[in-house]
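Shown next: model33.pdb, given as PDB, C-alpha atoms.
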ATOM      1  CA  MET A   8     -15.910 -25.373  10.174
ATOM      2  CA  SER A   9     -13.055 -25.731   7.706
ATOM      3  CA  MET A  10      -9.719 -24.056   8.309
ATOM      4  CA  GLU A  11     -10.396 -21.720   5.380
ATOM      5  CA  ALA A  12     -13.771 -20.650   6.818
ATOM      6  CA  PHE A  13     -12.172 -20.172  10.233
ATOM      7  CA  ILE A  14      -9.482 -17.921   8.747
ATOM      8  CA  MET A  15     -12.028 -15.781   6.874
ATOM      9  CA  GLU A  16     -14.172 -15.415   9.981
ATOM     10  CA  ARG A  17     -11.212 -14.537  12.185
ATOM     11  CA  ALA A  18      -9.856 -12.034   9.645
ATOM     12  CA  ALA A  19     -13.213 -10.251   9.567
ATOM     13  CA  SER A  20     -13.320 -10.126  13.368
ATOM     14  CA  LEU A  21      -9.882  -8.485  13.367
ATOM     15  CA  GLY A  22     -11.271  -5.677  11.225
ATOM     16  CA  PHE A  23      -9.979  -6.583   7.772
ATOM     17  CA  ALA A  24     -12.270  -5.426   4.982
ATOM     18  CA  ALA A  25     -11.384  -8.456   2.857
ATOM     19  CA  ALA A  26      -9.316 -11.627   3.064
ATOM     20  CA  GLY A  27      -8.524 -14.478   0.719
ATOM     21  CA  ILE A  28      -6.114 -17.323   0.039
ATOM     22  CA  ALA A  29      -3.849 -18.092  -2.909
ATOM     23  CA  ARG A  30      -1.626 -21.097  -3.548
ATOM     24  CA  ALA A  31       2.009 -20.070  -3.244
ATOM     25  CA  GLY A  32       4.011 -20.444  -6.435
ATOM     26  CA  ALA A  33       5.806 -18.504  -9.126
ATOM     27  CA  SER A  34       4.796 -14.883  -9.539
ATOM     28  CA  ARG A  35       2.814 -14.117 -12.686
ATOM     29  CA  SER A  36       3.676 -10.423 -12.723
ATOM     30  CA  TRP A  37       7.418 -10.680 -12.073
ATOM     31  CA  PRO A  38       8.396 -10.360 -15.785
ATOM     32  CA  ARG A  39       6.344  -7.155 -16.040
ATOM     33  CA  TYR A  40       7.877  -5.930 -12.785
ATOM     34  CA  ARG A  41      11.311  -6.578 -14.279
ATOM     35  CA  GLN A  42      10.284  -4.593 -17.380
ATOM     36  CA  TRP A  43       9.213  -1.695 -15.139
ATOM     37  CA  LEU A  44      12.581  -1.746 -13.377
ATOM     38  CA  ASP A  45      14.558  -1.980 -16.625
ATOM     39  CA  ALA A  46      12.746   1.091 -17.944
ATOM     40  CA  GLY A  47      13.862   3.055 -14.854
ATOM     41  CA  MET A  48      10.288   3.811 -13.792
ATOM     42  CA  HIS A  49      11.132   2.956 -10.176
ATOM     43  CA  ALA A  50      13.095   6.249 -10.099
ATOM     44  CA  GLY A  51      15.311   6.511  -7.010
ATOM     45  CA  MET A  52      13.841   3.486  -5.228
ATOM     46  CA  SER A  53      16.956   1.379  -5.779
ATOM     47  CA  TYR A  54      15.940  -1.032  -3.025
ATOM     48  CA  LEU A  55      13.233  -2.359  -5.333
ATOM     49  CA  ALA A  56      15.873  -3.515  -7.813
ATOM     50  CA  ARG A  57      18.307  -4.870  -5.215
ATOM     51  CA  ARG A  58      15.848  -7.491  -3.986
ATOM     52  CA  ALA A  59      13.952  -8.042  -7.233
ATOM     53  CA  ARG A  60      14.747 -11.760  -7.485
ATOM     54  CA  GLU A  61      13.128 -12.448  -4.116
ATOM     55  CA  ARG A  62       9.820 -11.315  -5.584
ATOM     56  CA  GLU A  63       9.696 -14.226  -8.022
ATOM     57  CA  THR A  64       8.138 -16.559  -5.441
ATOM     58  CA  PRO A  65       6.952 -16.398  -1.804
ATOM     59  CA  ALA A  66       9.229 -19.379  -1.078
ATOM     60  CA  ALA A  67      12.161 -16.949  -1.310
ATOM     61  CA  LEU A  68      10.808 -15.291   1.837
ATOM     62  CA  LEU A  69       9.474 -18.382   3.606
ATOM     63  CA  PRO A  70      11.077 -21.646   2.451
ATOM     64  CA  GLY A  71       8.352 -24.236   2.095
ATOM     65  CA  ALA A  72       5.586 -21.633   1.717
ATOM     66  CA  ARG A  73       2.467 -23.291   0.325
ATOM     67  CA  SER A  74      -0.235 -20.656   0.831
ATOM     68  CA  VAL A  75      -0.520 -16.867   0.813
ATOM     69  CA  LEU A  76      -3.220 -15.320   2.973
ATOM     70  CA  ALA A  77      -3.847 -11.790   1.683
ATOM     71  CA  VAL A  78      -5.839  -9.164   3.591
ATOM     72  CA  ALA A  79      -7.027  -5.622   2.930
ATOM     73  CA  ALA A  80      -7.604  -2.961   5.584
ATOM     74  CA  ARG A  81      -9.668   0.123   4.719
ATOM     75  CA  TYR A  82      -8.573   3.651   5.570
ATOM     76  CA  PRO A  83     -10.752   6.783   5.259
ATOM     77  CA  SER A  84     -11.018   8.282   1.788
ATOM     78  CA  ARG A  85     -11.327  11.749   3.318
ATOM     79  CA  GLY A  86      -8.866  13.256   5.780
ATOM     80  CA  GLY A  87      -8.803  16.249   8.070
ATOM     81  CA  SER A  88      -6.261  18.114   5.914
ATOM     82  CA  LEU A  89      -6.018  18.520   2.158
ATOM     83  CA  TRP A  90      -2.227  18.913   2.336
ATOM     84  CA  TYR A  91      -1.566  15.260   3.183
ATOM     85  CA  SER A  92      -2.557  11.987   1.546
ATOM     86  CA  THR A  93      -5.442  10.510   3.495
ATOM     87  CA  TYR A  94      -3.626   7.223   4.157
ATOM     88  CA  ALA A  95      -0.905   9.056   6.097
ATOM     89  CA  GLN A  96      -3.132  11.085   8.406
ATOM     90  CA  GLY A  97      -3.706   8.198  10.813
ATOM     91  CA  LEU A  98      -1.354   5.865  12.646
ATOM     92  CA  ASP A  99       1.300   3.868  10.805
ATOM     93  CA  TYR A 100      -0.313   1.000   8.906
ATOM     94  CA  HIS A 101       2.762  -1.245   9.172
ATOM     95  CA  GLU A 102       2.216  -1.678  12.884
ATOM     96  CA  ALA A 103      -1.588  -1.848  12.754
ATOM     97  CA  LEU A 104      -1.641  -4.593  10.104
ATOM     98  CA  GLY A 105       1.384  -6.390  11.507
ATOM     99  CA  LEU A 106      -0.190  -6.809  14.930
ATOM    100  CA  ARG A 107      -3.391  -8.198  13.435
ATOM    101  CA  LEU A 108      -1.588 -10.598  11.104
ATOM    102  CA  ARG A 109       0.599 -11.939  13.929
ATOM    103  CA  ALA A 110      -2.548 -12.536  16.000
ATOM    104  CA  LEU A 111      -4.113 -14.314  13.024
ATOM    105  CA  ALA A 112      -1.008 -16.505  12.600
ATOM    106  CA  ASP A 113      -1.238 -17.538  16.266
ATOM    107  CA  ASP A 114      -4.930 -18.369  15.883
ATOM    108  CA  ILE A 115      -4.239 -20.495  12.789
ATOM    109  CA  ALA A 116      -1.551 -22.484  14.613
ATOM    110  CA  LYS A 117      -3.858 -23.066  17.586
ATOM    111  CA  ARG A 118      -6.648 -24.193  15.300
ATOM    112  CA  ALA A 119      -4.295 -26.521  13.421
ATOM    113  CA  GLY A 120      -3.088 -28.023  16.691
ATOM    114  CA  LYS A 121       0.492 -28.102  15.460
ATOM    115  CA  PRO A 122       3.305 -25.657  14.671
ATOM    116  CA  VAL A 123       2.694 -23.623  11.530
ATOM    117  CA  ARG A 124       5.574 -21.677  10.062
ATOM    118  CA  SER A 125       4.558 -18.219   8.857
ATOM    119  CA  ARG A 126       5.859 -14.828   7.850
ATOM    120  CA  VAL A 127       4.049 -11.509   8.100
ATOM    121  CA  CYS A 128       4.525  -9.157   5.128
ATOM    122  CA  VAL A 129       3.297  -5.564   5.261
ATOM    123  CA  ASP A 130       4.805  -3.481   2.475
ATOM    124  CA  THR A 131       8.475  -3.736   3.539
ATOM    125  CA  ALA A 132       9.127  -7.380   2.527
ATOM    126  CA  PRO A 133      10.063  -8.068  -1.134
ATOM    127  CA  LEU A 134       6.667  -9.499  -2.043
ATOM    128  CA  LEU A 135       4.475  -8.428  -4.956
ATOM    129  CA  GLU A 136       1.565  -7.831  -2.585
ATOM    130  CA  ARG A 137      -0.932  -6.578  -5.135
ATOM    131  CA  GLU A 138      -0.522  -9.652  -7.317
ATOM    132  CA  TRP A 139      -1.122 -11.969  -4.375
ATOM    133  CA  ALA A 140      -4.116  -9.937  -3.247
ATOM    134  CA  VAL A 141      -5.606 -10.338  -6.726
ATOM    135  CA  ARG A 142      -4.790 -14.058  -6.835
ATOM    136  CA  ALA A 143      -6.401 -14.455  -3.402
ATOM    137  CA  GLY A 144      -9.637 -13.015  -4.785
ATOM    138  CA  LEU A 145      -9.678  -9.731  -2.853
ATOM    139  CA  GLY A 146     -10.293  -7.663  -5.968
ATOM    140  CA  TRP A 147      -8.506  -6.522  -9.109
ATOM    141  CA  LEU A 148      -5.769  -4.099 -10.095
ATOM    142  CA  GLY A 149      -7.210  -0.783 -11.244
ATOM    143  CA  ARG A 150      -5.695   1.506 -13.840
ATOM    144  CA  GLN A 151      -4.218   3.591 -11.019
ATOM    145  CA  ASN A 152      -2.211   0.481 -10.062
ATOM    146  CA  SER A 153      -4.092   0.158  -6.764
ATOM    147  CA  LEU A 154      -6.033  -2.859  -5.559
ATOM    148  CA  VAL A 155      -9.783  -2.301  -5.950
ATOM    149  CA  VAL A 156     -11.885  -4.288  -3.469
ATOM    150  CA  PRO A 157     -15.642  -4.608  -4.150
ATOM    151  CA  GLY A 158     -17.498  -3.082  -1.229
ATOM    152  CA  ALA A 159     -14.350  -1.421   0.127
ATOM    153  CA  GLY A 160     -12.900   0.579  -2.756
ATOM    154  CA  CYS A 161      -9.222   1.259  -3.410
ATOM    155  CA  CYS A 162      -8.347   3.123  -0.196
ATOM    156  CA  VAL A 163      -6.935  -0.055   1.309
ATOM    157  CA  PHE A 164      -3.673  -1.261   2.780
ATOM    158  CA  ILE A 165      -2.544  -4.753   1.777
ATOM    159  CA  GLY A 166      -0.975  -7.294   4.099
ATOM    160  CA  ALA A 167       0.026 -10.905   3.578
ATOM    161  CA  LEU A 168       0.682 -13.917   5.748
ATOM    162  CA  LEU A 169       2.853 -16.616   4.174
ATOM    163  CA  LEU A 170       2.090 -20.096   5.524
ATOM    164  CA  ASP A 171       3.736 -23.477   5.135
ATOM    165  CA  MET A 172       0.353 -25.237   5.208
ATOM    166  CA  GLU A 173      -1.811 -26.226   2.255
ATOM    167  CA  LEU A 174      -5.088 -24.300   2.039
ATOM    168  CA  GLU A 175      -7.826 -24.167  -0.570
ATOM    169  CA  ALA A 176      -7.480 -21.119  -2.802
ATOM    170  CA  SER A 177     -10.197 -18.470  -2.980
ATOM    171  CA  PRO A 178     -11.788 -17.766  -6.384
ATOM    172  CA  GLU A 179     -10.223 -14.881  -8.307
ATOM    173  CA  ARG A 180     -12.211 -11.868  -9.498
ATOM    174  CA  SER A 181     -12.171 -10.258 -12.924
ATOM    175  CA  SER A 182     -11.661  -6.515 -13.326
ATOM    176  CA  GLN A 183     -14.782  -4.382 -13.211
ATOM    177  CA  CYS A 184     -13.141  -1.114 -14.266
ATOM    178  CA  GLY A 185     -14.632  -1.430 -17.743
ATOM    179  CA  ASP A 186     -13.712   1.528 -19.920
ATOM    180  CA  CYS A 187     -13.471   3.938 -16.962
ATOM    181  CA  ARG A 188     -10.326   6.101 -17.099
ATOM    182  CA  LEU A 189     -11.104   8.633 -14.379
ATOM    183  CA  CYS A 190      -7.953   7.798 -12.431
ATOM    184  CA  VAL A 191      -5.678   8.100 -15.474
ATOM    185  CA  ASP A 192      -7.181  11.447 -16.448
ATOM    186  CA  ALA A 193      -7.015  12.746 -12.847
ATOM    187  CA  CYS A 194      -3.251  12.278 -12.429
ATOM    188  CA  PRO A 195      -1.833  15.833 -12.350
ATOM    189  CA  ALA A 196       1.571  14.808 -13.738
ATOM    190  CA  GLY A 197       0.724  12.087 -16.252
ATOM    191  CA  ALA A 198       2.387   9.369 -14.192
ATOM    192  CA  LEU A 199      -0.261   6.786 -15.117
ATOM    193  CA  ARG A 200       0.753   5.654 -18.569
ATOM    194  CA  HIS A 201      -1.581   4.260 -21.210
ATOM    195  CA  ASP A 202       0.301   0.938 -21.194
ATOM    196  CA  GLY A 203      -0.714   0.407 -17.556
ATOM    197  CA  PHE A 204       2.623   1.290 -15.989
ATOM    198  CA  LEU A 205       3.012   3.908 -13.286
ATOM    199  CA  ASP A 206       6.092   6.071 -13.866
ATOM    200  CA  ALA A 207       7.349   7.013 -10.390
ATOM    201  CA  ARG A 208       9.630   9.662 -11.890
ATOM    202  CA  LEU A 209       6.508  11.775 -12.458
ATOM    203  CA  CYS A 210       4.369  10.665  -9.515
ATOM    204  CA  ARG A 211       3.818  13.303  -6.816
ATOM    205  CA  SER A 212       3.543  10.609  -4.154
ATOM    206  CA  TYR A 213       6.999   9.329  -5.023
ATOM    207  CA  LEU A 214       8.504  12.797  -5.305
ATOM    208  CA  SER A 215       7.113  14.032  -1.982
ATOM    209  CA  ILE A 216       7.865  10.865   0.002
ATOM    210  CA  GLU A 217      10.688   8.798  -1.509
ATOM    211  CA  HIS A 218      12.682  11.264  -3.585
ATOM    212  CA  ALA A 219      15.811  12.648  -1.910
ATOM    213  CA  GLY A 220      17.352  16.022  -2.703
ATOM    214  CA  ALA A 221      15.939  18.887  -4.709
ATOM    215  CA  LEU A 222      12.654  18.396  -6.512
ATOM    216  CA  PRO A 223      12.815  18.288 -10.319
ATOM    217  CA  ALA A 224      11.222  20.933 -12.470
ATOM    218  CA  GLY A 225       7.953  20.062 -14.144
ATOM    219  CA  PRO A 226       4.350  19.216 -13.237
ATOM    220  CA  GLY A 227       5.241  16.400 -10.847
ATOM    221  CA  GLY A 228       7.905  18.308  -8.958
ATOM    222  CA  GLY A 229       5.630  21.304  -8.446
ATOM    223  CA  LEU A 230       3.700  19.597  -5.622
ATOM    224  CA  ALA A 231       0.977  22.235  -5.861
ATOM    225  CA  GLY A 232      -1.519  21.584  -3.089
ATOM    226  CA  THR A 233       0.298  18.762  -1.302
ATOM    227  CA  VAL A 234       3.134  18.285   1.164
ATOM    228  CA  TYR A 235       2.904  14.498   1.472
ATOM    229  CA  GLY A 236       1.538  12.113  -1.123
ATOM    230  CA  CYS A 237      -1.251  12.526  -3.650
ATOM    231  CA  ASP A 238      -4.805  11.163  -3.690
ATOM    232  CA  ALA A 239      -5.843  12.358  -7.150
ATOM    233  CA  CYS A 240      -6.163   8.909  -8.738
ATOM    234  CA  THR A 241      -7.935   7.240  -5.822
ATOM    235  CA  ALA A 242     -10.225  10.147  -4.938
ATOM    236  CA  VAL A 243     -12.057   9.902  -8.264
ATOM    237  CA  CYS A 244     -12.523   6.111  -8.213
ATOM    238  CA  PRO A 245     -16.275   5.299  -8.157
ATOM    239  CA  TRP A 246     -15.588   2.207  -6.045
ATOM    240  CA  ASN A 247     -14.523   4.443  -3.143
ATOM    241  CA  ARG A 248     -18.145   5.428  -2.623
ATOM    242  CA  GLN A 249     -18.408   2.115  -0.768
ATOM    243  CA  GLY A 250     -16.770   0.883   2.418
ATOM    244  CA  GLU A 251     -16.140   4.089   4.352
ATOM    245  CA  ASN A 252     -17.704   2.404   7.394
ATOM    246  CA  LEU A 253     -15.075  -0.354   7.170
ATOM    247  CA  ALA A 254     -12.145   1.978   7.939
ATOM    248  CA  LEU A 255     -10.143   0.945  11.007
ATOM    249  CA  SER A 256     -10.139   3.466  13.840
ATOM    250  CA  GLU A 257      -6.315   3.610  13.895
ATOM    251  CA  PHE A 258      -6.430   5.294  10.514
ATOM    252  CA  ASN A 259      -8.733   8.149  11.508
ATOM    253  CA  PRO A 260      -6.978  11.502  10.936
ATOM    254  CA  VAL A 261      -4.922  12.840  13.822
ATOM    255  CA  PRO A 262      -6.089  16.362  14.733
ATOM    256  CA  GLU A 263      -4.649  19.643  13.485
ATOM    257  CA  LEU A 264      -1.892  18.673  11.085
ATOM    258  CA  PRO A 265       0.158  21.768  10.186
ATOM    259  CA  ASP A 266      -0.197  23.621   6.897
ATOM    260  CA  PRO A 267       2.892  24.509   4.796
ATOM    261  CA  GLY A 268       3.605  27.756   6.628
ATOM    262  CA  GLN A 269       3.447  25.997   9.985
ATOM    263  CA  ILE A 270       5.681  23.192   8.710
ATOM    264  CA  ILE A 271       8.387  25.665   7.716
ATOM    265  CA  ALA A 272       8.330  27.086  11.249
ATOM    266  CA  LEU A 273       8.380  23.703  13.017
ATOM    267  CA  SER A 274      11.264  22.797  15.294
ATOM    268  CA  ALA A 275      12.708  19.283  15.352
ATOM    269  CA  GLY A 276      10.933  18.630  18.637
ATOM    270  CA  GLY A 277       7.673  19.998  17.281
ATOM    271  CA  PHE A 278       7.934  17.736  14.246
ATOM    272  CA  GLU A 279       8.360  14.688  16.496
ATOM    273  CA  ARG A 280       5.397  15.642  18.661
ATOM    274  CA  VAL A 281       3.042  16.312  15.762
ATOM    275  CA  PHE A 282       3.892  13.340  13.555
ATOM    276  CA  ALA A 283       4.771  10.650  16.123
ATOM    277  CA  GLY A 284       3.203   7.326  15.144
ATOM    278  CA  THR A 285       2.229   8.424  11.622
ATOM    279  CA  PRO A 286       3.851   7.400   8.313
ATOM    280  CA  ILE A 287       4.789  11.052   7.748
ATOM    281  CA  ARG A 288       7.448  10.909  10.460
ATOM    282  CA  ARG A 289       9.561   8.612   8.284
ATOM    283  CA  ILE A 290      10.551  11.314   5.779
ATOM    284  CA  GLY A 291      11.935  13.675   8.425
ATOM    285  CA  LEU A 292      11.538  17.396   8.943
ATOM    286  CA  GLY A 293      14.003  18.422   6.230
ATOM    287  CA  ARG A 294      12.148  16.686   3.410
ATOM    288  CA  LEU A 295       8.764  17.822   4.709
ATOM    289  CA  ARG A 296       9.999  21.439   4.760
ATOM    290  CA  ARG A 297      11.216  21.031   1.173
ATOM    291  CA  ASN A 298       7.745  19.847   0.190
ATOM    292  CA  ALA A 299       6.043  22.675   2.073
ATOM    293  CA  LEU A 300       8.124  25.259   0.224
ATOM    294  CA  ALA A 301       7.364  23.630  -3.130
ATOM    295  CA  ALA A 302       3.653  23.427  -2.303
ATOM    296  CA  ILE A 303       3.435  27.198  -1.891
ATOM    297  CA  GLY A 304       5.689  27.945  -4.860
ATOM    298  CA  ARG A 305       8.914  28.783  -3.007
ATOM    299  CA  THR A 306      12.403  27.265  -3.188
TER     300      THR A 306
END
Any chance you could put this one into structure tokens?
Amino acid sequence: MSMEAFIMERAASLGFAAAGIARAGASRSWPRYRQWLDAGMHAGMSYLARRARERETPAALLPGARSVLAVAARYPSRGGSLWYSTYAQGLDYHEALGLRLRALADDIAKRAGKPVRSRVCVDTAPLLEREWAVRAGLGWLGRQNSLVVPGAGCCVFIGALLLDMELEASPERSSQCGDCRLCVDACPAGALRHDGFLDARLCRSYLSIEHAGALPAGPGGGLAGTVYGCDACTAVCPWNRQGENLALSEFNPVPELPDPGQIIALSAGGFERVFAGTPIRRIGLGRLRRNALAAIGRT
């Protein structure tokens, strides 16, 4: 069995819905990413601009990187509560994917019979993950700016393992979105632009999770029907009819998440108990209360 076949087999056994390999090199999408930043569409996420140059090549994160192993992990497309994005209703994906990728890195080194330098990247490293997932043949970038994986849909988390070993690249896939625009039309705030960019300044996911301070006026800032994130553009994707059985158990919804009225009444200790281990904990009680008030039309 080749090293590439071993990696694919091991990735599947670890629960990843898809895995693939790309040759490390210069980013193809970095100029467009720079254009997005220059237009201010990253809104208040200044950290994206501070480390922009590091996204030009994986070698900026792992000197000598020669291959990028990209993986996708499925999460349920339906949650237990309509007030929260489905991805956030389970345990934190950073830890779940990180543990699996570190185990995979150890297995690769053992199989190689020699030290293999690697770096695990799960969302927080300055890597253009979606580009590398596409280049590794996992799927294509949909009009909602999410990775679409055949057989698994677009409710997926992306992880990457940078390696200093040469591996054969997986074949890339062409987009199969065709003329479908369901995701663009479903966005309640018009954040998905017709030129393919996502304007975070309008996006309800950005506003409810990343935005600090008071919410702006307008359709995006209204947050009607949500207190954390927005699933409008992924919920309508026809590709999400596939792959529900591939969702990892860690991402199953935790029971009885509070509604807006209950959030407003939560104590600091209650917030910690309810949201421990979930991505929601990261925004803190103050921001979640702000969202809850906006969701029910109060200030």
Write out as JSON, numbers by chain which residues come within 10 Å of segment 89-100 of chain A when counting all atoms listed in the file, dropping same-chain ones fewer than 2 positions away. {"A": [80, 81, 82, 83, 84, 85, 86, 87, 102, 103, 104, 105, 106, 129, 130, 162, 163, 164, 165, 166, 212, 230, 231, 232, 233, 234, 235, 236, 237, 238, 239, 242, 255, 256, 257, 258, 259, 260, 261, 262, 264, 265, 266, 267, 282, 283, 284, 285, 286, 287, 288, 289, 299, 302]}
Of A:Ser34, A:Gln183, A:Ser20, A:Ser53, the one nearest to His218 of chain A when counting all atoms listed in the file is A:Ser53
### Task
Report the residues retrieved by the PyMOL selection byres ((chain A and resi 210) around 9) from the displayed file, expressed as a list of chain:residue names.
A:Cys194, A:Pro195, A:Ala196, A:Gly197, A:Ala198, A:Leu199, A:Leu205, A:Asp206, A:Ala207, A:Arg208, A:Leu209, A:Arg211, A:Ser212, A:Tyr213, A:Leu214, A:Ser215, A:Gly227, A:Gly228, A:Gly236, A:Cys237
Requested in this report: Can you pull out every residue within 12 Å of segment 123-125 of chain A, counting all atoms listed in the file, but drop anything in the same chain fewer than 4 positions away, and send it as a VMD selection string?
Outcome: chain A and resid 65 to 66 68 to 76 108 to 119 167 to 173
**Report entry** Ile290 of chain A environment, 7 Å, all atoms listed in the file, sequence neighbours closer than 4 positions dropped, as a list in words
**Finding:**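 Once the nearby chain positions are removed, what remains is Ile216, Arg294 and Leu295 of chain A.
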Could those selected residues go to a file with C-alpha atoms, as a CSV table (one decimal), keeping the file's coordinate frame?
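Saved result, part-v4.csv, follows:
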chain,number,residue,atom,x,y,z
A,216,ILE,CA,7.9,10.9,0.0
A,294,ARG,CA,12.1,16.7,3.4
A,295,LEU,CA,8.8,17.8,4.7
Given all atoms listed in the file, how would the per-residue table for segment 147-189 of chain A near segment 21-31 of chain A read, listing every residue at most 8 Å away with its closest atom pair and distance in Å to one decimal, sorted by chain and number, as JSON lines?
{"residue": "A:Val156", "atom": "CA", "partner": "A:Ala25", "partner_atom": "CA", "distance": 7.6}
{"residue": "A:Ala159", "atom": "CA", "partner": "A:Ala24", "partner_atom": "CA", "distance": 6.6}
{"residue": "A:Glu173", "atom": "CA", "partner": "A:Arg30", "partner_atom": "CA", "distance": 7.7}
{"residue": "A:Leu174", "atom": "CA", "partner": "A:Arg30", "partner_atom": "CA", "distance": 7.3}
{"residue": "A:Glu175", "atom": "CA", "partner": "A:Ile28", "partner_atom": "CA", "distance": 7.1}
{"residue": "A:Ala176", "atom": "CA", "partner": "A:Ala29", "partner_atom": "CA", "distance": 4.7}
{"residue": "A:Ser177", "atom": "CA", "partner": "A:Ile28", "partner_atom": "CA", "distance": 5.2}
With distances taken over all atoms listed in the file, the candidate from A:Glu217, A:Glu251, A:Asp202, A:Asp186 nearest Cys161 of chain A is A:Glu251
The residue from A:Gly268, A:Arg248, A:Ala301, A:Gly120 with the smallest atom-to-atom distance to Ala224 of chain A, counting all atoms listed in the file, is A:Ala301
task = Take atom CA of Glu279 of chain A and atom CA of Glu263 of chain A and report the distance between them in Å, one decimal.
result =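 So the answer is 14.2 Å.
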Any chance you could resolve the PyMOL selection byres ((chain A and resi 59) around 12) against this file and give the residues as a tab-separated table (two decimals) with C-alpha atoms, in the frame of the given file?
chain	number	residue	atom	x	y	z
A	34	SER	CA	4.80	-14.88	-9.54
A	36	SER	CA	3.68	-10.42	-12.72
A	37	TRP	CA	7.42	-10.68	-12.07
A	38	PRO	CA	8.40	-10.36	-15.78
A	39	ARG	CA	6.34	-7.16	-16.04
A	40	TYR	CA	7.88	-5.93	-12.78
A	41	ARG	CA	11.31	-6.58	-14.28
A	42	GLN	CA	10.28	-4.59	-17.38
A	43	TRP	CA	9.21	-1.70	-15.14
A	44	LEU	CA	12.58	-1.75	-13.38
A	45	ASP	CA	14.56	-1.98	-16.62
A	49	HIS	CA	11.13	2.96	-10.18
A	52	MET	CA	13.84	3.49	-5.23
A	53	SER	CA	16.96	1.38	-5.78
A	54	TYR	CA	15.94	-1.03	-3.02
A	55	LEU	CA	13.23	-2.36	-5.33
A	56	ALA	CA	15.87	-3.52	-7.81
A	57	ARG	CA	18.31	-4.87	-5.22
A	58	ARG	CA	15.85	-7.49	-3.99
A	60	ARG	CA	14.75	-11.76	-7.48
A	61	GLU	CA	13.13	-12.45	-4.12
A	62	ARG	CA	9.82	-11.32	-5.58
A	63	GLU	CA	9.70	-14.23	-8.02
A	64	THR	CA	8.14	-16.56	-5.44
A	67	ALA	CA	12.16	-16.95	-1.31
A	132	ALA	CA	9.13	-7.38	2.53
A	133	PRO	CA	10.06	-8.07	-1.13
A	134	LEU	CA	6.67	-9.50	-2.04
A	135	LEU	CA	4.47	-8.43	-4.96
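As for atom CA of Met48 of chain A and atom CA of Gly293 of chain A, they are spaced 25.1 Å apart.
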- Query: In terms of the shortest atom-to-atom distance over all atoms listed in the file, which of A:Pro245, A:Gly51, A:Pro178, A:Pro223 is closest to Ala140 of chain A?
  - Reply: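 Nearest candidate to Ala140 of chain A out of A:Pro245, A:Gly51, A:Pro178, A:Pro223: A:Pro178.
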